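Here is upload.txt, consisting of compact mmCIF, C-alpha atoms:
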```
# COMPACT_ATOMS: atom_id res chain seq x y z
CA MET A 1 -2.01 -27.53 48.43
CA GLY A 2 -3.68 -28.48 51.71
CA ALA A 3 -7.39 -28.13 52.44
CA ILE A 4 -6.80 -25.10 54.65
CA ASP A 5 -4.87 -23.38 51.84
CA ARG A 6 -7.76 -23.90 49.48
CA VAL A 7 -10.19 -22.48 52.06
CA ILE A 8 -7.93 -19.45 52.57
CA GLU A 9 -7.59 -18.94 48.84
CA GLU A 10 -11.36 -19.09 48.43
CA VAL A 11 -11.84 -16.51 51.22
CA PHE A 12 -9.29 -14.20 49.58
CA ARG A 13 -10.94 -14.52 46.19
CA ARG A 14 -14.37 -13.78 47.64
CA GLU A 15 -13.37 -10.97 50.00
CA ALA A 16 -10.54 -9.18 48.15
CA GLY A 17 -12.78 -6.53 46.55
CA ARG A 18 -14.82 -5.77 49.63
CA VAL A 19 -11.81 -5.64 51.95
CA LEU A 20 -10.08 -3.19 49.60
CA ALA A 21 -13.17 -0.99 49.27
CA THR A 22 -13.55 -0.74 53.04
CA LEU A 23 -9.84 -0.10 53.61
CA ILE A 24 -9.90 2.67 51.00
CA ARG A 25 -12.77 4.33 52.85
CA LEU A 26 -11.14 3.93 56.26
CA LEU A 27 -7.64 4.96 55.22
CA GLY A 28 -8.64 7.49 52.57
CA ASP A 29 -5.86 6.40 50.24
CA PHE A 30 -5.78 3.79 47.44
CA ASP A 31 -2.11 2.87 47.69
CA LEU A 32 -2.05 2.64 51.48
CA ALA A 33 -5.18 0.48 51.31
CA GLU A 34 -3.68 -1.87 48.70
CA GLU A 35 -0.50 -2.31 50.74
CA ALA A 36 -2.53 -2.85 53.90
CA ARG A 37 -4.66 -5.51 52.21
CA GLN A 38 -1.53 -7.27 50.98
CA GLU A 39 -0.05 -7.28 54.48
CA ALA A 40 -3.33 -8.49 55.98
CA PHE A 41 -3.44 -11.39 53.50
CA THR A 42 0.16 -12.29 54.34
CA ALA A 43 -0.66 -12.25 58.07
CA ALA A 44 -3.77 -14.34 57.43
CA ILE A 45 -1.83 -17.05 55.59
CA GLU A 46 0.52 -17.36 58.57
CA GLN A 47 -2.08 -17.25 61.32
CA TRP A 48 -5.06 -19.04 59.80
CA ALA A 49 -2.97 -22.06 58.79
CA ALA A 50 -2.29 -22.64 62.49
CA ALA A 51 -5.39 -21.25 64.21
CA GLY A 52 -8.01 -21.86 61.53
CA VAL A 53 -10.12 -19.38 59.58
CA PRO A 54 -11.89 -16.94 61.94
CA ALA A 55 -15.69 -16.77 62.12
CA ASN A 56 -15.81 -13.45 60.27
CA PRO A 57 -12.76 -13.50 57.98
CA ARG A 58 -13.70 -10.24 56.28
CA ALA A 59 -13.74 -8.31 59.57
CA TRP A 60 -10.47 -10.01 60.55
CA LEU A 61 -8.80 -8.94 57.30
CA ILE A 62 -10.08 -5.38 57.55
CA ARG A 63 -8.94 -5.08 61.16
CA ALA A 64 -5.52 -6.57 60.36
CA GLY A 65 -5.15 -4.30 57.30
CA GLN A 66 -6.05 -1.27 59.31
CA ASN A 67 -3.60 -2.10 62.08
CA LYS A 68 -0.86 -2.65 59.53
CA ALA A 69 -1.63 0.73 57.97
CA VAL A 70 -1.56 2.50 61.34
CA ASP A 71 1.81 0.83 62.01
CA ARG A 72 3.06 1.96 58.64
CA ILE A 73 1.94 5.56 59.22
CA ARG A 74 3.66 5.45 62.66
CA ARG A 75 6.88 4.20 61.09
CA GLU A 76 6.85 7.14 58.69
CA VAL A 77 6.37 9.64 61.51
CA VAL A 78 10.09 10.41 61.56
CA PHE A 79 9.84 11.82 58.07
CA ARG A 80 6.80 13.94 58.48
CA THR A 81 5.26 16.10 61.17
CA LYS A 82 1.97 17.45 62.43
CA ILE A 83 -0.30 16.09 59.69
CA LEU A 84 0.62 12.59 60.84
CA ASP A 85 -0.79 12.98 64.32
CA ARG A 86 -4.08 13.87 62.75
CA GLU A 87 -3.92 10.91 60.36
CA ILE A 88 -3.11 8.48 63.17
CA ALA A 89 -5.85 9.91 65.37
CA SER A 90 -8.37 9.63 62.57
CA ALA A 91 -7.22 6.12 61.55
CA GLU A 92 -7.47 5.01 65.19
CA ALA A 93 -10.90 6.58 65.59
CA ASP A 94 -12.02 4.77 62.44
CA ALA A 95 -10.52 1.54 63.78
CA GLU A 96 -12.85 1.86 66.77
CA ALA A 97 -15.78 2.68 64.54
CA VAL A 98 -15.42 -0.23 62.12
CA PHE A 99 -16.27 -2.84 64.72
CA ASP A 100 -19.56 -1.21 65.61
CA ASP A 101 -20.92 -1.73 62.13
CA GLU A 102 -19.56 -4.95 60.83
CA ASP A 103 -22.75 -5.93 59.06
CA ASP A 104 -22.71 -6.76 55.38
CA ASP A 105 -24.71 -3.68 54.40
CA THR A 106 -21.92 -1.35 55.42
CA PHE A 107 -19.34 -3.33 53.48
CA GLY A 108 -21.64 -3.49 50.49
CA ASP A 109 -21.97 0.27 50.62
CA ASP A 110 -18.20 0.59 50.57
CA ARG A 111 -18.02 -1.03 47.14
CA LEU A 112 -20.77 1.27 45.89
CA ARG A 113 -18.89 4.27 47.35
CA LEU A 114 -15.78 3.12 45.54
CA ILE A 115 -17.61 2.87 42.18
CA PHE A 116 -18.85 6.42 42.59
CA THR A 117 -15.34 7.60 43.47
CA CYS A 118 -13.81 5.86 40.44
CA CYS A 119 -16.53 7.31 38.15
CA HIS A 120 -16.39 10.84 39.59
CA PRO A 121 -16.96 13.47 36.87
CA ALA A 122 -13.81 15.32 37.98
CA LEU A 123 -11.81 12.40 36.54
CA SER A 124 -11.33 11.81 32.82
CA ALA A 125 -13.57 9.30 31.02
CA GLU A 126 -10.54 7.09 30.35
CA ALA A 127 -9.68 7.09 34.04
CA HIS A 128 -13.26 6.04 34.94
CA VAL A 129 -13.12 2.70 33.16
CA ALA A 130 -9.48 2.00 34.04
CA LEU A 131 -9.91 2.78 37.74
CA THR A 132 -13.15 0.81 37.96
CA LEU A 133 -11.55 -2.27 36.39
CA ARG A 134 -8.47 -1.98 38.60
CA GLU A 135 -9.97 -0.98 41.96
CA VAL A 136 -13.53 -2.31 41.90
CA CYS A 137 -13.17 -5.40 39.70
CA GLY A 138 -9.65 -6.14 40.96
CA LEU A 139 -8.12 -6.69 37.51
CA THR A 140 -4.34 -6.40 37.42
CA THR A 141 -2.79 -3.30 35.87
CA GLN A 142 -1.50 -5.60 33.12
CA ALA A 143 -5.01 -6.85 32.31
CA VAL A 144 -6.41 -3.31 32.28
CA ALA A 145 -3.56 -2.22 29.99
CA ARG A 146 -4.37 -5.09 27.64
CA ALA A 147 -8.03 -4.06 27.48
CA PHE A 148 -7.01 -0.53 26.48
CA LEU A 149 -4.29 -1.73 24.10
CA VAL A 150 -1.63 0.33 25.87
CA SER A 151 1.58 -0.72 27.58
CA GLU A 152 1.47 -1.71 31.22
CA GLU A 153 3.71 1.25 32.04
CA THR A 154 1.35 3.72 30.34
CA MET A 155 -1.61 2.27 32.21
CA ALA A 156 0.25 2.31 35.53
CA GLN A 157 1.01 6.02 35.02
CA ARG A 158 -2.61 6.74 34.11
CA LEU A 159 -3.81 5.00 37.28
CA VAL A 160 -1.26 6.81 39.43
CA ARG A 161 -2.36 10.18 38.00
CA ALA A 162 -6.03 9.40 38.63
CA LYS A 163 -5.38 8.29 42.20
CA LYS A 164 -3.30 11.41 42.83
CA LYS A 165 -6.17 13.57 41.55
CA ILE A 166 -8.59 11.77 43.89
CA ARG A 167 -6.31 12.43 46.85
CA ASP A 168 -5.25 15.99 46.03
CA ALA A 169 -8.61 17.31 44.86
CA GLY A 170 -10.49 15.75 47.77
CA ILE A 171 -12.79 13.56 45.67
CA PRO A 172 -14.94 11.92 48.36
CA TYR A 173 -15.36 8.21 49.10
CA GLU A 174 -19.09 8.62 49.20
CA THR A 175 -22.25 7.52 47.55
CA PRO A 176 -23.85 10.87 46.77
CA GLU A 177 -27.15 11.87 48.36
CA PRO A 178 -30.33 11.55 46.23
CA PRO A 179 -30.40 14.74 44.13
CA LEU A 180 -26.74 14.28 43.17
CA LEU A 181 -27.10 10.47 43.12
CA ASN A 182 -29.59 10.66 40.27
CA GLN A 183 -27.13 12.65 38.14
CA ARG A 184 -24.13 10.52 39.03
CA ILE A 185 -25.76 7.13 38.58
CA HIS A 186 -25.94 7.78 34.83
CA GLY A 187 -22.19 8.35 34.72
CA VAL A 188 -21.61 5.13 36.64
CA LEU A 189 -23.91 3.16 34.33
CA ALA A 190 -22.13 4.63 31.32
CA VAL A 191 -18.83 3.36 32.72
CA VAL A 192 -20.26 -0.10 33.36
CA TYR A 193 -21.68 -0.20 29.84
CA GLY A 194 -18.32 1.10 28.58
CA VAL A 195 -16.58 -1.83 30.26
CA PHE A 196 -19.10 -4.16 28.63
CA THR A 197 -18.83 -2.74 25.10
CA GLU A 198 -15.03 -2.69 25.44
CA GLY A 199 -15.33 -6.45 25.80
CA TYR A 200 -18.16 -6.93 23.31
CA ALA A 201 -16.47 -5.23 20.38
CA VAL A 202 -14.58 -8.07 18.77
CA THR A 203 -12.24 -5.71 16.96
CA ALA A 204 -9.58 -5.43 19.64
CA GLY A 205 -7.72 -7.57 22.12
CA SER A 206 -7.90 -11.28 22.65
CA ARG A 207 -11.24 -13.00 22.99
CA LEU A 208 -10.32 -14.16 26.48
CA VAL A 209 -10.00 -10.58 27.71
CA ASP A 210 -13.22 -9.67 25.92
CA ALA A 211 -15.19 -12.31 27.78
CA GLU A 212 -13.56 -11.28 31.03
CA LEU A 213 -14.58 -7.64 30.55
CA CYS A 214 -18.18 -8.56 29.72
CA GLY A 215 -18.25 -10.78 32.79
CA GLU A 216 -16.91 -7.95 34.98
CA ALA A 217 -19.45 -5.49 33.60
CA ILE A 218 -22.30 -7.89 34.33
CA ARG A 219 -20.90 -8.45 37.82
CA LEU A 220 -20.86 -4.68 38.39
CA GLY A 221 -24.42 -4.47 37.06
CA ARG A 222 -25.51 -7.13 39.56
CA LEU A 223 -23.69 -5.31 42.35
CA LEU A 224 -25.44 -2.03 41.47
CA ASP A 225 -28.78 -3.84 41.33
CA GLU A 226 -28.09 -5.31 44.75
CA LEU A 227 -27.11 -1.95 46.21
CA LEU A 228 -29.69 0.24 44.43
CA PRO A 229 -32.63 -2.15 44.10
CA ALA A 230 -35.53 -1.53 41.72
CA ASN A 231 -33.76 1.27 39.86
CA PRO A 232 -35.16 1.08 36.30
CA ALA A 233 -31.92 2.26 34.66
CA VAL A 234 -29.86 -0.32 36.56
CA LEU A 235 -32.36 -3.08 35.74
CA GLY A 236 -32.42 -2.00 32.10
CA LEU A 237 -28.64 -1.96 31.76
CA LEU A 238 -28.20 -5.34 33.44
CA ALA A 239 -30.91 -6.81 31.18
CA LEU A 240 -29.32 -5.27 28.09
CA MET A 241 -25.88 -6.68 28.94
CA LEU A 242 -27.25 -10.16 29.70
CA LEU A 243 -29.28 -10.30 26.48
CA HIS A 244 -26.30 -9.20 24.37
CA ASP A 245 -23.92 -11.52 26.20
CA ALA A 246 -26.31 -14.47 25.70
CA ARG A 247 -25.67 -14.20 21.96
CA ARG A 248 -21.88 -14.13 22.35
CA PRO A 249 -21.36 -17.84 21.45
CA ALA A 250 -23.12 -17.28 18.10
CA ARG A 251 -21.54 -13.94 17.22
CA VAL A 252 -18.21 -15.00 15.83
CA SER A 253 -17.46 -17.69 13.24
CA GLN A 254 -14.62 -20.16 13.70
CA ASP A 255 -12.48 -17.95 11.44
CA GLY A 256 -13.08 -15.02 13.78
CA ASP A 257 -15.54 -13.16 11.52
CA VAL A 258 -18.55 -11.39 13.01
CA ILE A 259 -21.84 -13.11 12.20
CA LEU A 260 -24.82 -10.77 11.81
CA LEU A 261 -27.84 -11.29 14.02
CA GLU A 262 -30.03 -12.64 11.21
CA ASP A 263 -27.45 -15.27 10.25
CA GLN A 264 -26.65 -16.47 13.78
CA ASP A 265 -27.26 -20.05 14.90
CA ARG A 266 -29.93 -19.34 17.49
CA THR A 267 -29.47 -22.70 19.23
CA LEU A 268 -26.09 -21.42 20.47
CA TRP A 269 -27.67 -18.61 22.48
CA ASP A 270 -27.37 -18.89 26.26
CA GLN A 271 -30.95 -19.53 27.36
CA ALA A 272 -30.27 -19.02 31.08
CA LYS A 273 -28.94 -15.49 30.46
CA ILE A 274 -31.87 -14.82 28.13
CA ALA A 275 -34.40 -15.90 30.76
CA GLU A 276 -32.75 -13.70 33.39
CA GLY A 277 -32.50 -10.78 30.97
CA LEU A 278 -36.15 -11.06 29.93
CA ALA A 279 -37.32 -11.08 33.56
CA LEU A 280 -35.22 -7.97 34.22
CA VAL A 281 -36.64 -6.16 31.17
CA ASP A 282 -40.16 -6.77 32.46
CA ARG A 283 -39.23 -5.39 35.86
CA ALA A 284 -37.45 -2.37 34.33
CA LEU A 285 -40.46 -1.52 32.16
CA SER A 286 -43.01 -2.00 34.94
CA THR A 287 -41.10 0.16 37.46
CA PRO A 288 -42.76 3.58 37.67
CA GLY A 289 -40.69 6.63 36.83
CA GLN A 290 -38.85 7.89 33.81
CA LEU A 291 -38.23 5.32 31.09
CA SER A 292 -34.53 4.53 30.94
CA PRO A 293 -32.82 4.38 27.51
CA TYR A 294 -31.11 1.17 28.66
CA ALA A 295 -34.52 -0.39 29.37
CA VAL A 296 -35.73 0.55 25.88
CA GLN A 297 -32.63 -0.93 24.25
CA ALA A 298 -33.01 -4.02 26.43
CA ALA A 299 -36.66 -4.32 25.35
CA ILE A 300 -35.55 -4.25 21.70
CA ALA A 301 -32.88 -6.87 22.41
CA ALA A 302 -35.55 -8.90 24.20
CA LEU A 303 -37.80 -8.96 21.12
CA HIS A 304 -34.86 -10.16 19.02
CA VAL A 305 -33.98 -13.02 21.36
CA ARG A 306 -37.62 -14.00 21.83
CA ALA A 307 -37.80 -14.85 18.14
CA ARG A 308 -36.80 -18.50 17.55
CA LYS A 309 -36.32 -17.72 13.84
CA LYS A 310 -35.48 -14.38 12.28
CA GLU A 311 -38.84 -14.43 10.47
CA ASP A 312 -40.58 -14.46 13.86
CA THR A 313 -39.04 -11.13 14.92
CA ASP A 314 -41.75 -8.77 16.11
CA TRP A 315 -40.73 -5.80 13.94
CA PRO A 316 -43.91 -3.72 14.50
CA GLN A 317 -43.25 -3.74 18.25
CA ILE A 318 -39.56 -2.96 17.80
CA VAL A 319 -40.45 0.05 15.64
CA GLY A 320 -43.00 1.04 18.31
CA LEU A 321 -40.23 1.14 20.88
CA MET B 322 -10.04 21.08 53.01
CA GLN B 323 -9.68 24.54 51.57
CA TYR B 324 -10.40 25.34 47.95
CA LEU B 325 -9.76 28.45 45.92
CA LEU B 326 -12.63 29.12 43.54
CA LEU B 327 -11.30 31.20 40.66
CA ILE B 328 -13.94 33.10 38.75
CA TYR B 329 -13.18 33.51 35.05
CA ALA B 330 -15.22 35.64 32.66
CA ASN B 331 -14.86 37.49 29.39
CA GLU B 332 -13.91 41.04 30.42
CA ALA B 333 -15.08 42.62 27.18
CA GLU B 334 -18.55 41.13 27.61
CA MET B 335 -18.60 42.12 31.28
CA ALA B 336 -17.68 45.71 30.39
CA GLY B 337 -20.51 45.91 27.85
CA ARG B 338 -23.32 45.08 30.29
CA THR B 339 -26.18 47.47 30.99
CA ALA B 340 -26.37 49.27 34.34
CA SER B 341 -29.34 47.17 35.41
CA ALA B 342 -27.53 43.93 34.57
CA VAL B 343 -24.57 45.08 36.67
CA ALA B 344 -26.88 45.98 39.56
CA SER B 345 -28.68 42.66 39.53
CA MET B 346 -25.43 40.70 39.37
CA THR B 347 -24.02 42.71 42.28
CA ALA B 348 -27.14 41.88 44.28
CA GLU B 349 -26.73 38.18 43.44
CA TYR B 350 -23.10 38.23 44.57
CA THR B 351 -24.01 39.99 47.82
CA GLU B 352 -26.62 37.35 48.58
CA PHE B 353 -24.32 34.46 47.63
CA THR B 354 -21.49 35.80 49.80
CA LYS B 355 -23.83 36.28 52.78
CA GLY B 356 -24.99 32.68 52.32
CA ILE B 357 -21.52 31.13 52.44
CA ILE B 358 -20.51 33.33 55.38
CA GLN B 359 -23.56 32.05 57.30
CA SER B 360 -22.86 28.41 56.35
CA GLY B 361 -19.27 28.77 57.60
CA ASN B 362 -17.67 27.94 54.23
CA PHE B 363 -16.36 31.46 53.54
CA LYS B 364 -12.69 32.15 54.28
CA ALA B 365 -11.99 35.04 51.93
CA GLY B 366 -13.16 36.46 48.63
CA GLU B 367 -12.60 39.52 46.51
CA ARG B 368 -13.36 40.97 43.12
CA LEU B 369 -10.37 41.89 40.97
CA ARG B 370 -9.86 44.93 38.78
CA PRO B 371 -9.69 43.98 35.08
CA THR B 372 -6.50 42.80 33.40
CA SER B 373 -6.01 46.34 32.01
CA ALA B 374 -4.91 47.14 35.57
CA ALA B 375 -2.63 44.11 35.76
CA THR B 376 1.14 44.20 36.02
CA THR B 377 3.41 41.19 35.68
CA VAL B 378 6.69 40.84 37.54
CA ARG B 379 9.52 38.44 36.69
CA VAL B 380 12.98 38.11 38.15
CA ARG B 381 15.58 36.71 35.76
CA ASN B 382 19.28 36.53 36.57
CA GLY B 383 18.65 38.82 39.52
CA GLN B 384 17.03 41.47 37.28
CA VAL B 385 13.48 42.52 38.05
CA ALA B 386 11.34 42.93 34.92
CA VAL B 387 8.02 44.68 35.31
CA THR B 388 5.63 44.58 32.35
CA ASP B 389 2.15 45.79 31.56
CA GLY B 390 -0.71 43.32 31.42
CA PRO B 391 -1.49 39.81 32.61
CA PHE B 392 0.78 36.77 32.29
CA ALA B 393 -1.24 35.20 29.46
CA GLU B 394 -3.79 36.36 26.90
CA THR B 395 -6.87 34.17 27.19
CA ARG B 396 -10.51 34.35 26.15
CA GLU B 397 -11.66 34.47 29.75
CA GLN B 398 -9.87 36.41 32.45
CA LEU B 399 -9.61 35.97 36.20
CA GLY B 400 -12.11 38.40 37.70
CA GLY B 401 -12.37 37.37 41.32
CA TYR B 402 -12.05 34.54 43.80
CA TYR B 403 -13.42 32.92 46.90
CA LEU B 404 -11.40 30.91 49.38
CA VAL B 405 -13.74 28.36 50.97
CA GLU B 406 -13.63 25.55 53.49
CA ALA B 407 -15.39 22.43 52.19
CA LYS B 408 -15.39 18.84 53.35
CA ASN B 409 -14.59 17.50 49.88
CA LEU B 410 -14.64 18.27 46.16
CA ASP B 411 -18.39 17.62 45.91
CA GLU B 412 -19.13 20.33 48.46
CA ALA B 413 -16.63 22.69 46.80
CA THR B 414 -18.15 22.21 43.33
CA ALA B 415 -21.66 22.65 44.75
CA ILE B 416 -20.57 26.03 46.18
CA ALA B 417 -18.84 26.93 42.89
CA ALA B 418 -22.03 26.18 40.97
CA ARG B 419 -23.88 28.76 43.08
CA ILE B 420 -21.44 31.58 42.23
CA PRO B 421 -23.42 33.98 40.00
CA GLY B 422 -20.51 34.19 37.51
CA ALA B 423 -20.77 30.44 36.82
CA LYS B 424 -23.83 31.18 34.65
CA HIS B 425 -21.79 33.00 31.97
CA GLY B 426 -18.11 32.43 32.79
CA SER B 427 -16.45 29.48 34.46
CA ILE B 428 -15.15 28.62 37.90
CA GLU B 429 -11.89 26.78 38.38
CA VAL B 430 -11.83 24.81 41.62
CA ARG B 431 -8.31 24.40 43.01
CA PRO B 432 -7.49 22.62 46.25
CA ILE B 433 -5.13 24.50 48.54
CA TRP B 434 -1.85 22.62 48.88
CA PRO B 435 -1.12 22.69 52.61
CA VAL B 436 2.49 23.33 53.52
CA ALA B 437 3.65 21.47 56.62
CA ALA B 438 4.97 23.99 59.14
```
Please express what this file holds, its structure, as structure tokens.
Amino acid sequence: MGAIDRVIEEVFRREAGRVLATLIRLLGDFDLAEEARQEAFTAAIEQWAAAGVPANPRAWLIRAGQNKAVDRIRREVVFRTKILDREIASAEADAEAVFDDEDDDTFGDDRLRLIFTCCHPALSAEAHVALTLREVCGLTTQAVARAFLVSEETMAQRLVRAKKKIRDAGIPYETPEPPLLNQRIHGVLAVVYGVFTEGYAVTAGSRLVDAELCGEAIRLGRLLDELLPANPAVLGLLALMLLHDARRPARVSQDGDVILLEDQDRTLWDQAKIAEGLALVDRALSTPGQLSPYAVQAAIAALHVRARKKEDTDWPQIVGL
Amino acid sequence: MQYLLLIYANEAEMAGRTASAVASMTAEYTEFTKGIIQSGNFKAGERLRPTSAATTVRVRNGQVAVTDGPFAETREQLGGYYLVEAKNLDEATAIAARIPGAKHGSIEVRPIWPVAA
């Protein structure tokens, strides 16, 4: 593999999620957006190898994806009628619009919009986690199926049904406005925590998938923290996940048995994650507003990991919480 | 998009309400309807006579069968509807939540399936 190929691969890895989120917003359709992204990546491999990687590869990919989608809609015109003219007009209008606001904030918002769409209360709880893993985290359908212990075919059907509901029922690609946002954020956090606990429960699946799911959940937590800064519930959840995940190396014996907290080898705990988690707990607890249950659980987890030995655990304070 | 908001309620309970309860609910509906006409969301809306007035029609093998009563016996019955224009499901459910009947019955929100001409 040449140097340029490695650069291109790195760009794809970094931008895949954001490009998809923006294309979904612009095109209003998951499948069309996924095909468009695929075609844009194919075009990029051909053109960048010769001309070099453009200054703003993300904008290039989005523009290319959008043009491919407009072409595709045009090609299908023969089969359909009036609605198409409207779709082309709106896709072209959006194509104009995208270049006026190419800044990172807008793209960041697209991923947040997508999380809220995937976690919409009009979808089933099962669909929330599956769609989020597939569309926001970019896991393959096969990997999502493995996490749920169902066949790939079953998972593919579940995803198709959920995407059809989004399209047919008019579930918006929008981050809700504040009064609604405050209700919805709890649903989103529950999904993120669901992804995490799916990975943390050592009962099911392979340990590789488990670690992957925990990693994805933490990544989503960081994304939410980036996009909704200083939200105590977001801070609390991220802290809680980091503090639990820090103990992962000590949680399972070599035979695969779960080791209880009091019997764990505390030198195996990930001190970097603990430090980050502890700082987040402090911020979550010092942010004014309603105390989040995630922050309280994170504070309890914090007292456990602060103890070097189990005898040092600050039980009076844990009971106080 | 257009959505049909189907208002379901228990007819027996509805029939047993006091006159003042009926009057206050009618006033609430009048105000709600005025509101969605002013906001431009209203397309149509009507109250339905109870299922005791319902008749079901089926055509099988070219034979028309007319029977008394609704298609299915359920705990809650369709009692009325609104057809509204809303930009997405969030707006449609927000309107549905303001329908007075949502407080005791339930509102089913169904997107209209446009048929290409």
(message) Based on all atoms listed in the file, which of the residues in chain B come within 10 Å of chain A? I want them as a PyMOL selection string.
(response) chain B and resi 322-324+407-415+430-438
(request) State, in Å with one decimal place, the distance from CA of Ala299 in chain A to CA of Ala217 in chain A. (result) 19.1 Å
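Going from CA of Val19 in chain A over to CA of Glu34 in chain A, you cover 9.5 Å.
Excluding Pro391 in chain B itself and any same-chain residue fewer than 6 positions from it, the protein and nucleic acid residues within 12 Å of it, counting only C-alpha atoms, are B:Arg370, B:Pro371, B:Thr372, B:Ser373, B:Ala374, B:Ala375, B:Thr376, B:Thr377, B:Val378, B:Arg379, B:Glu397, B:Gln398, B:Leu399, B:Gly400.
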(request) Would you list the contacts of Met155 in chain A as a PyMOL selection string, taking every protein, DNA or RNA residue within 9 Å and counting only C-alpha atoms, but skipping same-chain residues closer than 6 positions in sequence? (result) chain A and resi 130+141-142+144-145+148
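For the pair CA of Asp263 in chain A and CA of Lys309 in chain A, the separation is 9.9 Å.
By chain and then residue number, the residues within 9 Å of Ser427 in chain B are B:Leu327, B:Ile328, B:Tyr329, B:Ala330, B:Glu397, B:Gly422, counting all atoms listed in the file and disregarding those fewer than 5 positions away in sequence.
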(message) Could you list, as a count of residues only, every residue within 9 Å of Asn362 in chain B, counting all atoms listed in the file and ignoring same-chain residues fewer than 6 positions away?
(response) 6
(request) For range 245-261 of chain A, work out the shell of residues within 7 Å, counting all atoms listed in the file and skipping chain neighbours fewer than 6 positions away, then give it as number ranges by chain. (result) A: 268-270, 273-274
Restricting it to C-alpha atoms, dump the selection as a short mmCIF file (atom, residue, chain, number, x, y, z; two decimals), keeping the file's coordinate frame.
```cif
data_model
loop_
_atom_site.label_atom_id
_atom_site.label_comp_id
_atom_site.auth_asym_id
_atom_site.auth_seq_id
_atom_site.Cartn_x
_atom_site.Cartn_y
_atom_site.Cartn_z
CA LEU A 268 -26.09 -21.42 20.47
CA TRP A 269 -27.67 -18.61 22.48
CA ASP A 270 -27.37 -18.89 26.26
CA LYS A 273 -28.94 -15.49 30.46
CA ILE A 274 -31.87 -14.82 28.13
#
```
